[in-house]
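*Asks:* Mind having a look at this structure? Questions to follow.
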Protein chains: 2
Amino acid sequence: MNSQAFKHSAAHVLAAALVKLYPEIKLATGPATQNGYYYDFELPKSITPHDLGKIQKQMRKIISQNLPIKKERISIDRAKKIFKKLNQTYKLELIDDLIKKEGKKPVTIYKIGGMIDLCKGPHLKSTKELNARGIQLTKLSGAYWKADEKNKMLQRIYGLAFSSKEKMEKFIQTAEQAKQRDHRKIGKELDLFITSDLVGKGLPLLTPKGAAIRQELEKFIIEEEFKRDYQRTFTPDLARTELYKKSGHWQHYRESMYPAVKIENESYVLRPMTCPHQFMIYNSRPRSYRELPIRYAELAKLYRREQSGELSGLIRVMSFTLADAHIICRPDQVEKEFQDVVELVQFCMKTLGIKDFWYRFSKWNPKNKKKYVDKPEEWEKTQKFMKKILANLKLKYVETRDEAAFYGPKLDVQVKNANGKEDTAVTIQIDFDLPEKFDMTYIDENGEKQRPMIIHRSSIGCIERTMAFLIEHYAGAFPVWLSPVQAVILPVSEKFNSYGRKIKSRLKKNNFRIEIDDSNQSLGKKIRQAQAQKIPYMLIVGQKEKDAGSVAIRKRDGGDQGVKKLSSFIETLKEEIQQKK
Amino acid sequence: MNSQAFKHSAAHVLAAALVKLYPEIKLATGPATQNGYYYDFELPKSITPHDLGKIQKQMRKIISQNLPIKKERISIDRAKKIFKKLNQTYKLELIDDLIKKEGKKPVTIYKIGGMIDLCKGPHLKSTKELNARGIQLTKLSGAYWKADEKNKMLQRIYGLAFSSKEKMEKFIQTAEQAKQRDHRKIGKELDLFITSDLVGKGLPLLTPKGAAIRQELEKFIIEEEFKRDYQRTFTPDLARTELYKKSGHWQHYRESMYPAVKIENESYVLRPMTCPHQFMIYNSRPRSYRELPIRYAELAKLYRREQSGELSGLIRVMSFTLADAHIICRPDQVEKEFQDVVELVQFCMKTLGIKDFWYRFSKWNPKNKKKYVDKPEEWEKTQKFMKKILANLKLKYVETRDEAAFYGPKLDVQVKNANGKEDTAVTIQIDFDLPEKFDMTYIDENGEKQRPMIIHRSSIGCIERTMAFLIEHYAGAFPVWLSPVQAVILPVSEKFNSYGRKIKSRLKKNNFRIEIDDSNQSLGKKIRQAQAQKIPYMLIVGQKEKDAGSVAIRKRDGGDQGVKKLSSFIETLKEEIQQKK
């Protein structure tokens with residue numbers, strides 16, 4: 001029920017309430033957002049948060065008055081006259097913009113009581129279709145006219161509109177939970193990463209606790225790729241600009257690339273992708289059909305530009321590490337390799353505990369000449385081929401246009417973060433273009449040169465983004481294998497600190513990440529702090545435990561696990577880590 | 001005996017021989033080099049390698065003639081007249097350069113028979129002090145006058161001069177061995193890394209085999225640092241220029257830094273060092289004396305400029321990975337921490353099998369204002385302190401000036417590469433400056449703010465350089481734990497390929513790096529190829545082995561190890577890898 005029409009109409013009810021309360025108001029714009037709407041306006045005297053209640057009351061009154069929302073289609077000249085008469089200068093500017101852009105086409109206006117607005121719609125028929133109890137104004141802020149800081153600062157009111165009070169309350173509660181799960185908040189609380197103005201926006205620094213998570217993720221994928229006969233490479237994070245001219249990144253991807261730097265008359269650029277680097281290794285000697293498929297994997301640091309306003313936490317960053325790989329294979333091997341990659345991605349998702357993801361088949365857009373290599377036949381052929389593979393895999397997916405790589409179509413694995421924003425976690429691509437650009441070849445059974453095909457793929461995606469996602473997914477309560485601190489030793493009093501330290505050292509020898517709280521705080525406080533830090537196991541030690549060489553085990557969710565011999569706890573922990581439970 | 005005088009005199013005997021054989025010759029310059037000398041000259045008709053024998057014969061004749069090497073100190077005007085008369089235009093140009101630089105000061109000339117040269121010396125008294133049998137011309141090449149490609153191309157002859165034939169032969173043999181051990185040569189033969197013109201000079205790419213070595217080195221130091229209570233961080237490879245202005249890198253180290261890039265009005269630069277990044281993590285919350293020492297470790301990618309002419313293999317590169325760490329501690333903890341670091345470095349050297357290294361105590365130079373922070377008292381105090389620690393450690397070291405870090409003195413671990421060039425493998429530094437610049441503090445027992453001290457240190461140095469050193473040290477025959485391929489399976493015929501593959505899969509499950517040579521080549525050829533690739537173990541399998549579930553083991557140095565059950569070989573290999581033998 002929270003449709004566009006619903007949100008639009010609520011925004012206009014807000015406008016109508018404002019006009020009623022402040023007849024001198026100048027309305028700017030009031031669009032629907034993902035979960036609500038806002039309205040920007042100008043008043044001689046700014047309103048304060050205190051006024052929001054009054055405005056809300058007026059909105060409810062308008063809703064219960066059951067006013068019609070009248071739509072009229074009129075000539076743009078007539079619209080101009082109407083808004084001139086109302087002295088709505090922002091609306092007049094919008095009308096002039098429209099004329100400049102589209103010429104003099106008719107426009108639609110909407111009326112609620114005395115309020116007249118310029119709007120494309122859609123709208124409800126009457127204010128009664130809204131629910132007075134499902135309305136809430138949430139926030140007051142400043143906003144530049146047309147989002148340009150050279151323009152005048154206006155006021156903005158944010159609001160929610162739901163068909164029932166219950167639905168609205170549920171939404172508010174969920175949003176509050178999302179806020180609690182936001183990886184930036186948890187990252188700070190659990191000391192997983194920091195940001196620093198001096199280092200720069202979008203350049204987070206992983207503290208030892210965050211680094212422990214990252215190390216585990218890296219170790220996991222390195223081991224998994226070793227099992228699956230991938231070979232690792234280490235290639236430089238920058239290269240001569242020439243390399244990217246040859247690959248086509250310079251032509252199709254330059255806006256996402258860092259500026260080049262000149263050193264001794266040579267131009268270098270930080271790499272946005274790993275592909276051409278690994279291709280240099282492939283091309284460093286002749287290859288036989290017997291060697292294929294070659295699967296080059298790398299934890300590759302990549303540099304892609306983001307608008308500084310977009311930079312946020314571990315999700316939108318200036319530089320990230322991709323668990324990257326390129327599979328160079330014979331055409332008859334592509335389908336099997338692609339299937340194996342999908343299986344690997346599914347295995348990774350399962351291991352990380354992520355169930356809520358979906359597939360997106362991302363195709364090119366023939367009209368977007370700048371973004372894609374201009375080989376329509378190859379595009380159609382490769383997209384058809386990929387579609388066939390997906391059909392054979394019986395994979396459900398959504399299709400989308402204009403989201404392919406510049407060199408070929410993609411299968412994207414999509415997830416949603418705590419705030420409901422969709423992101424691509426992993427991508428698998430078939431490349432028909434770069435093997436030709438780099439003249440990559442292999443010698444077939446008959447001694448003839450052939451062109452290989454290439455799959456670009458990730459597995460666990462960008463380490464930083466995946467970390468952010470996992471922080472939100474587990475709300476910081478990671479499974480043991482990913483926990484920065486796997487167990488904390490809590491001596492019941494200072495008398496048992498030395499026994500505690502002995503246990504710590506024995507656990508460390510087994511490669512567990514262990515802390516000890518040997519402060520002189522009460523046991524209750526120690527337990528609460530360990531719980532707040534989401535440490536999976538608390539090992540409480542006192543006289544009884546010291547005498548028996550044991551530990552009293554408590555889980556972070558409060559579960560008392562009884563007393564165990566240390567050696568038996570070590571086995572439990574090993575097993576749990578090994579199984580990545 | 002291979003002194004400067006010796007080499008200079010040999011170069012002039014070469015010049016005298018040339019003048020005798022080619023009276024029309026124009027001599028340019030003929031300096032001594034590290035191991036010999038060369039002479040540049042111009043002739044109307046180029047000489048060929050074929051002529052070198054003739055020239056050498058003439059040199060030997062001059063030596064046995066026992067000619068005096070006559071030194072004369074004359075006015076520069078007189079020198080000008082002499083060389084004008086001889087039509088030695090290059091010498092005249094050198095004289096003019098001298099006048100421009102120093103004014104009209106007297107110069108020394110040397111004569112051997114009819115050959116007159118301008119030279120500062122020193123020289124021997126007579127040609128008989130050389131040994132006719134210790135002379136050898138080694139190479140003919142082209143060289144631009146004054147090494148400027150805009151100038152004329154001259155010819156250059158390289159030569160050796162030793163006091164005996166035996167010494168010379170020993171030198172040639174050693175040089176030949178060094179050439180064989182050069183990591184660039186072995187790197188290519190064993191496919192450990194490649195370079196690419198498109199990627200750029202000084203930006204080597206590690207192939208899967210080189211990457212395997214690197215992974216082992218990283219794993220080794222990560223595990224060792226975990227044992228020693230280091231904490232890991234991951235910090236970005238670039239930062240706002242402001243960060244380095246605050247740290248002082250911008251003022252003292254800028255020439256070694258990459259150019260800054262501007263993004264959305266903000267200036268960023270690739271980091272030359274990790275320190276300020278880790279300090280941001282330290283500073284991200286208040287620290288108590290109980291937390292110290294904090295030991296932050298990172299495998300940090302660093303970017304330091306090198307002259308493009310200096311770039312070479314894995315040793316001089318544009319970007320490298322330092323096994324870096326910073327120990328932030330209370331002043332009363334510095335000595336113990338420093339000792340532990342020295343012990344760690346010694347342990348690393350021993351594990352890597354490096355015995356031939358020495359310590360260098362690197363102090364500042366008070367006159368080099370640009371290179372060092374200007375705090376003479378702090379310098380003297382810290383250098384004295386470091387000296388005391390070294391004395392307590394009973395460490396033998398050499399002292400050197402003007403090699404300190406800009407923020408404090410260093411203890412360097414020095415090694416020599418295959419070509420005899422000295423390099424710093426590892427460095428340990430005490431920093432009195434940056435804790436102040438970044439206002440780093442901790443709260444002591446009394447609740448007072450105190451300033452910590454910092455040790456900057458490596459352990460196994462730069463991964464790339466250490467790899468280069470190890471390649472040369474082992475001439476590619478790495479111990480098993482570092483070997484890119486730890487064992488290769490050699491089926492005696494194609495009939496046993498499937499048994500071979502079964503073994504490969506079992507060995508891989510134990511995390512060994514295994515290959516199989518299932519080509520249809522003869523066993524003899526397979527063995528020779530495996531030996532050339534320096535693979536430590538060859539596992540030969542035929543009917544007998546298949547029936548018994550065993551492998552016939554051969555070591556790369558030819559040692560036949562007899563037939564063993566596969567499970568028993570697995571145990572041997574595990575043990576050997578675990579012990580890093």
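By order of appearance in the structure tokens: chains A, B, ..., then residues from 1 within every chain, and ligands from 1 in the order shown.
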Could you find all residues in stretch 317-547 of chain B that DSSP calls strand (DSSP E or B) from the backbone, and write them as number ranges by chain?

*Replies:* B: 319-329, 358-362, 397-400, 405, 408, 410-416, 422-431, 442-443, 449-450, 453-462, 487-491, 514-516, 537-541

*Asks:* Kindly determine which residues of chain B lie within 8 Å of chain A, considering only C-alpha atoms, and give the answer as a ChimeraX atom specification.

*Replies:* /B:194,196,198-200,203-208,210-212,227,231-236,238-240,242-243,258-264,277,280-281,284,296,308,319,508-509

*Asks:* At a cut-off of 12 Å, using only C-alpha atoms, what residues contact A:Lys495? Leave out same-chain residues fewer than 2 positions from it and give the result as a list in words.

*Replies:*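 My list of contacting residues is Leu490, Pro491, Val492, Ser493, Asn497, Ser498, Tyr499, Gly500, Arg501, Asp518, Ser519, Asn520, Val541, Gly542, Gln543 and Lys546 of chain A.
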
*Asks:* Atom CA of B:Tyr407 to atom CA of B:Cys462: how many Å, to one decimal?

*Replies:*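 Taking atom CA of B:Tyr407 as the start and atom CA of B:Cys462 as the end point, the length is 20.2 Å.
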
*Asks:* Leaving out B:Gly476 and any residue of its chain fewer than 5 positions from it, which residues lie within 7 Å of it when counting only C-alpha atoms, given as a ChimeraX atom specification?

*Replies:* /B:186,471,534

*Asks:* Could you write out the selected residues, including C-alpha atoms, as a PDB file, in the first residue's frame?

*Replies:*
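part29.pdb written:
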```
ATOM      1  CA  ILE B 186      66.900 -17.656 -11.994  1.00  0.00           C
ATOM      2  CA  ILE B 471      66.643 -16.776  -4.808  1.00  0.00           C
ATOM      3  CA  LYS B 534      64.964 -27.457  -8.680  1.00  0.00           C
TER       4      LYS B 534
END
```

*Asks:* So, with only C-alpha atoms as the atoms that count, which of B:Ala300, B:Ile503, B:Val398, B:Val415 lies closest to B:Asp356?

*Replies:*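 Between B:Ala300, B:Ile503, B:Val398, B:Val415, the residue approaching B:Asp356 most closely is B:Val415.
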
*Asks:* Give me the residues within 12 Å of A:Lys100 as a PyMOL selection string, counting only C-alpha atoms and dropping any in the same chain fewer than 6 places off.

*Replies:* chain A and resi 76+93-94

*Asks:* So how far away is atom CA of A:Phe41 from atom CA of A:Lys20, in Å?

*Replies:*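 Answer for the atom CA of A:Lys20 to atom CA of A:Phe41 separation: 13.7 Å.
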
*Asks:* Quick one: residues within 12 Å of A:Lys167, only C-alpha atoms, excluding same-chain residues fewer than 6 positions away - as a list in words?

*Replies:*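 Counting only C-alpha atoms, the residues come to Met1, Asn2, Asn131, Arg133, Gly134, Ile135, Gln136, Leu160, Ala161, Gln173 and Thr174 of chain A.
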
*Asks:* How would the residues just picked look written out with N, CA, C and O atoms as a PDB file, in the first residue's frame?

*Replies:*
```pdb
ATOM      1  N   MET A   1       0.816  -1.213   0.000  1.00  0.00           N
ATOM      2  CA  MET A   1       0.000   0.000   0.000  1.00  0.00           C
ATOM      3  C   MET A   1       0.851   1.265   0.000  1.00  0.00           C
ATOM      4  O   MET A   1       0.411   2.335  -0.387  1.00  0.00           O
ATOM      5  N   ASN A   2       2.140   1.109   0.412  1.00  0.00           N
ATOM      6  CA  ASN A   2       2.998   2.280   0.459  1.00  0.00           C
ATOM      7  C   ASN A   2       3.509   2.612  -0.941  1.00  0.00           C
ATOM      8  O   ASN A   2       4.701   2.646  -1.211  1.00  0.00           O
ATOM      9  N   ASN A 131      -4.273   7.450   5.800  1.00  0.00           N
ATOM     10  CA  ASN A 131      -4.748   7.152   7.153  1.00  0.00           C
ATOM     11  C   ASN A 131      -4.127   8.156   8.114  1.00  0.00           C
ATOM     12  O   ASN A 131      -2.906   8.243   8.225  1.00  0.00           O
ATOM     13  N   ARG A 133      -3.782   8.193  11.164  1.00  0.00           N
ATOM     14  CA  ARG A 133      -2.929   7.611  12.204  1.00  0.00           C
ATOM     15  C   ARG A 133      -1.653   6.981  11.628  1.00  0.00           C
ATOM     16  O   ARG A 133      -0.756   6.582  12.370  1.00  0.00           O
ATOM     17  N   GLY A 134      -1.608   6.899  10.278  1.00  0.00           N
ATOM     18  CA  GLY A 134      -0.403   6.338   9.630  1.00  0.00           C
ATOM     19  C   GLY A 134       0.551   7.406   9.156  1.00  0.00           C
ATOM     20  O   GLY A 134       1.459   7.129   8.372  1.00  0.00           O
ATOM     21  N   ILE A 135       0.308   8.641   9.623  1.00  0.00           N
ATOM     22  CA  ILE A 135       1.117   9.796   9.188  1.00  0.00           C
ATOM     23  C   ILE A 135       2.080  10.175  10.295  1.00  0.00           C
ATOM     24  O   ILE A 135       1.691  10.233  11.458  1.00  0.00           O
ATOM     25  N   GLN A 136       3.346  10.423   9.945  1.00  0.00           N
ATOM     26  CA  GLN A 136       4.253  10.955  10.954  1.00  0.00           C
ATOM     27  C   GLN A 136       5.371  11.765  10.315  1.00  0.00           C
ATOM     28  O   GLN A 136       5.996  11.326   9.346  1.00  0.00           O
ATOM     29  N   LEU A 160       6.667  10.167   7.098  1.00  0.00           N
ATOM     30  CA  LEU A 160       6.281   8.795   6.767  1.00  0.00           C
ATOM     31  C   LEU A 160       4.788   8.776   6.502  1.00  0.00           C
ATOM     32  O   LEU A 160       4.043   9.612   7.021  1.00  0.00           O
ATOM     33  N   ALA A 161       4.338   7.812   5.700  1.00  0.00           N
ATOM     34  CA  ALA A 161       2.900   7.630   5.482  1.00  0.00           C
ATOM     35  C   ALA A 161       2.618   6.161   5.270  1.00  0.00           C
ATOM     36  O   ALA A 161       3.165   5.547   4.353  1.00  0.00           O
ATOM     37  N   GLN A 173      10.196   0.535  13.915  1.00  0.00           N
ATOM     38  CA  GLN A 173      10.944  -0.424  14.714  1.00  0.00           C
ATOM     39  C   GLN A 173      12.042  -1.087  13.865  1.00  0.00           C
ATOM     40  O   GLN A 173      13.189  -1.207  14.295  1.00  0.00           O
ATOM     41  N   THR A 174      11.692  -1.506  12.645  1.00  0.00           N
ATOM     42  CA  THR A 174      12.666  -2.138  11.762  1.00  0.00           C
ATOM     43  C   THR A 174      13.803  -1.177  11.432  1.00  0.00           C
ATOM     44  O   THR A 174      14.969  -1.551  11.417  1.00  0.00           O
TER      45      THR A 174
END
```

*Asks:* So that I can check the secondary structure, give me every residue of stretch 130-353 of chain A assigned helix (DSSP H, G or I) by backbone DSSP, as a VMD selection string.

*Replies:* chain A and resid 132 to 134 145 to 147 165 to 181 183 to 189 208 to 227 241 to 247 249 to 252 254 to 256 275 to 282 289 to 291 308 to 310 331 to 352

*Asks:* Could the residues in this selection be saved with C-alpha atoms as an mmCIF file, in the first residue's frame?

*Replies:*
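Generated output (selection-v7.cif):
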```
data_model
loop_
_atom_site.group_PDB
_atom_site.id
_atom_site.type_symbol
_atom_site.label_atom_id
_atom_site.label_comp_id
_atom_site.auth_asym_id
_atom_site.auth_seq_id
_atom_site.Cartn_x
_atom_site.Cartn_y
_atom_site.Cartn_z
ATOM 1 C CA ALA A 132 -4.512 10.001 9.679
ATOM 2 C CA ARG A 133 -2.929 7.611 12.204
ATOM 3 C CA GLY A 134 -0.403 6.338 9.630
ATOM 4 C CA TRP A 145 17.622 24.567 -3.724
ATOM 5 C CA LYS A 146 18.398 22.107 -6.518
ATOM 6 C CA ALA A 147 21.012 20.510 -4.195
ATOM 7 C CA LYS A 165 -0.612 2.902 12.573
ATOM 8 C CA GLU A 166 0.568 -0.683 13.103
ATOM 9 C CA LYS A 167 2.393 -0.762 9.789
ATOM 10 C CA MET A 168 4.071 2.525 10.527
ATOM 11 C CA GLU A 169 5.181 1.394 13.961
ATOM 12 C CA LYS A 170 6.562 -1.810 12.542
ATOM 13 C CA PHE A 171 8.512 0.192 9.965
ATOM 14 C CA ILE A 172 9.920 2.524 12.614
ATOM 15 C CA GLN A 173 10.944 -0.424 14.714
ATOM 16 C CA THR A 174 12.666 -2.138 11.762
ATOM 17 C CA ALA A 175 14.449 1.084 10.834
ATOM 18 C CA GLU A 176 15.615 1.406 14.421
ATOM 19 C CA GLN A 177 16.930 -2.149 14.330
ATOM 20 C CA ALA A 178 18.696 -1.428 11.033
ATOM 21 C CA LYS A 179 20.314 1.573 12.660
ATOM 22 C CA GLN A 180 21.439 -0.676 15.497
ATOM 23 C CA ARG A 181 22.867 -3.096 12.953
ATOM 24 C CA HIS A 183 28.133 -1.644 10.414
ATOM 25 C CA ARG A 184 29.456 1.860 11.115
ATOM 26 C CA LYS A 185 27.824 1.855 14.527
ATOM 27 C CA ILE A 186 28.843 -1.705 15.413
ATOM 28 C CA GLY A 187 32.288 -1.159 13.918
ATOM 29 C CA LYS A 188 32.815 1.608 16.416
ATOM 30 C CA GLU A 189 31.310 -0.209 19.388
ATOM 31 C CA PRO A 208 43.491 -5.422 15.162
ATOM 32 C CA LYS A 209 39.957 -6.729 15.736
ATOM 33 C CA GLY A 210 38.756 -5.854 12.251
ATOM 34 C CA ALA A 211 42.017 -7.168 10.848
ATOM 35 C CA ALA A 212 41.355 -10.543 12.506
ATOM 36 C CA ILE A 213 38.049 -10.846 10.626
ATOM 37 C CA ARG A 214 39.709 -9.873 7.396
ATOM 38 C CA GLN A 215 42.509 -12.375 7.909
ATOM 39 C CA GLU A 216 39.985 -15.162 8.414
ATOM 40 C CA LEU A 217 38.083 -14.219 5.264
ATOM 41 C CA GLU A 218 41.304 -14.124 3.264
ATOM 42 C CA LYS A 219 42.515 -17.411 4.700
ATOM 43 C CA PHE A 220 39.171 -19.023 3.928
ATOM 44 C CA ILE A 221 39.167 -18.035 0.273
ATOM 45 C CA ILE A 222 42.868 -18.777 -0.236
ATOM 46 C CA GLU A 223 42.414 -22.292 1.117
ATOM 47 C CA GLU A 224 39.246 -22.852 -0.851
ATOM 48 C CA GLU A 225 40.848 -21.680 -4.089
ATOM 49 C CA PHE A 226 43.884 -23.895 -3.461
ATOM 50 C CA LYS A 227 41.548 -26.899 -3.176
ATOM 51 C CA THR A 241 48.555 4.286 -18.376
ATOM 52 C CA GLU A 242 49.408 2.513 -21.650
ATOM 53 C CA LEU A 243 48.255 -0.791 -20.155
ATOM 54 C CA TYR A 244 44.750 0.575 -19.639
ATOM 55 C CA LYS A 245 44.685 2.170 -23.038
ATOM 56 C CA LYS A 246 45.383 -1.232 -24.489
ATOM 57 C CA SER A 247 42.742 -2.938 -22.325
ATOM 58 C CA HIS A 249 39.691 0.779 -19.426
ATOM 59 C CA TRP A 250 40.992 4.207 -20.372
ATOM 60 C CA GLN A 251 38.275 4.543 -23.016
ATOM 61 C CA HIS A 252 35.332 2.929 -21.189
ATOM 62 C CA ARG A 254 38.197 6.263 -17.073
ATOM 63 C CA GLU A 255 35.667 8.171 -14.993
ATOM 64 C CA SER A 256 36.002 5.530 -12.310
ATOM 65 C CA CYS A 275 42.561 -8.338 -15.440
ATOM 66 C CA PRO A 276 45.306 -6.834 -17.610
ATOM 67 C CA HIS A 277 47.907 -7.564 -14.929
ATOM 68 C CA GLN A 278 47.101 -11.252 -14.803
ATOM 69 C CA PHE A 279 46.901 -11.382 -18.589
ATOM 70 C CA MET A 280 50.537 -10.199 -18.738
ATOM 71 C CA ILE A 281 51.494 -13.318 -16.792
ATOM 72 C CA TYR A 282 49.476 -15.514 -19.134
ATOM 73 C CA TYR A 289 45.770 -26.473 -24.664
ATOM 74 C CA ARG A 290 46.949 -28.967 -22.019
ATOM 75 C CA GLU A 291 47.568 -26.147 -19.537
ATOM 76 C CA SER A 308 33.045 11.920 -1.906
ATOM 77 C CA GLY A 309 29.434 12.325 -0.782
ATOM 78 C CA GLU A 310 28.885 8.613 -1.394
ATOM 79 C CA PRO A 331 35.719 -22.336 -25.497
ATOM 80 C CA ASP A 332 34.650 -25.928 -24.771
ATOM 81 C CA GLN A 333 35.553 -25.429 -21.098
ATOM 82 C CA VAL A 334 33.615 -22.207 -20.422
ATOM 83 C CA GLU A 335 30.314 -23.746 -19.404
ATOM 84 C CA LYS A 336 31.843 -26.188 -16.914
ATOM 85 C CA GLU A 337 34.061 -23.443 -15.463
ATOM 86 C CA PHE A 338 31.125 -21.070 -15.161
ATOM 87 C CA GLN A 339 29.122 -23.742 -13.339
ATOM 88 C CA ASP A 340 32.013 -24.395 -10.983
ATOM 89 C CA VAL A 341 32.245 -20.691 -10.210
ATOM 90 C CA VAL A 342 28.516 -20.488 -9.418
ATOM 91 C CA GLU A 343 28.977 -23.502 -7.152
ATOM 92 C CA LEU A 344 31.947 -21.802 -5.449
ATOM 93 C CA VAL A 345 29.953 -18.620 -4.907
ATOM 94 C CA GLN A 346 27.069 -20.620 -3.438
ATOM 95 C CA PHE A 347 29.528 -22.421 -1.166
ATOM 96 C CA CYS A 348 31.000 -19.091 -0.028
ATOM 97 C CA MET A 349 27.571 -17.633 0.693
ATOM 98 C CA LYS A 350 26.637 -20.709 2.684
ATOM 99 C CA THR A 351 29.881 -20.654 4.661
ATOM 100 C CA LEU A 352 29.431 -16.972 5.470
#
```

*Asks:* I'd like the interatomic distance between atom CA of B:Lys85 and atom CA of B:His8, to a tenth of an Å.

*Replies:*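 Atom CA of B:His8 lies at a distance of 24.2 Å from atom CA of B:Lys85.
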
*Asks:* Neighbours of B:Ile82 within 12 Å (only C-alpha atoms; same-chain residues fewer than 3 positions away dropped), as a list in words?

*Replies:* Ile74, Ser75, Ile76, Asp77, Arg78, Ala79, Lys85, Leu86, Asn87, Gln88, Thr89, Lys91, Leu92, Ile95, Ile109, Lys111, Met115, Ile116, Asp117 and Leu118 of chain B
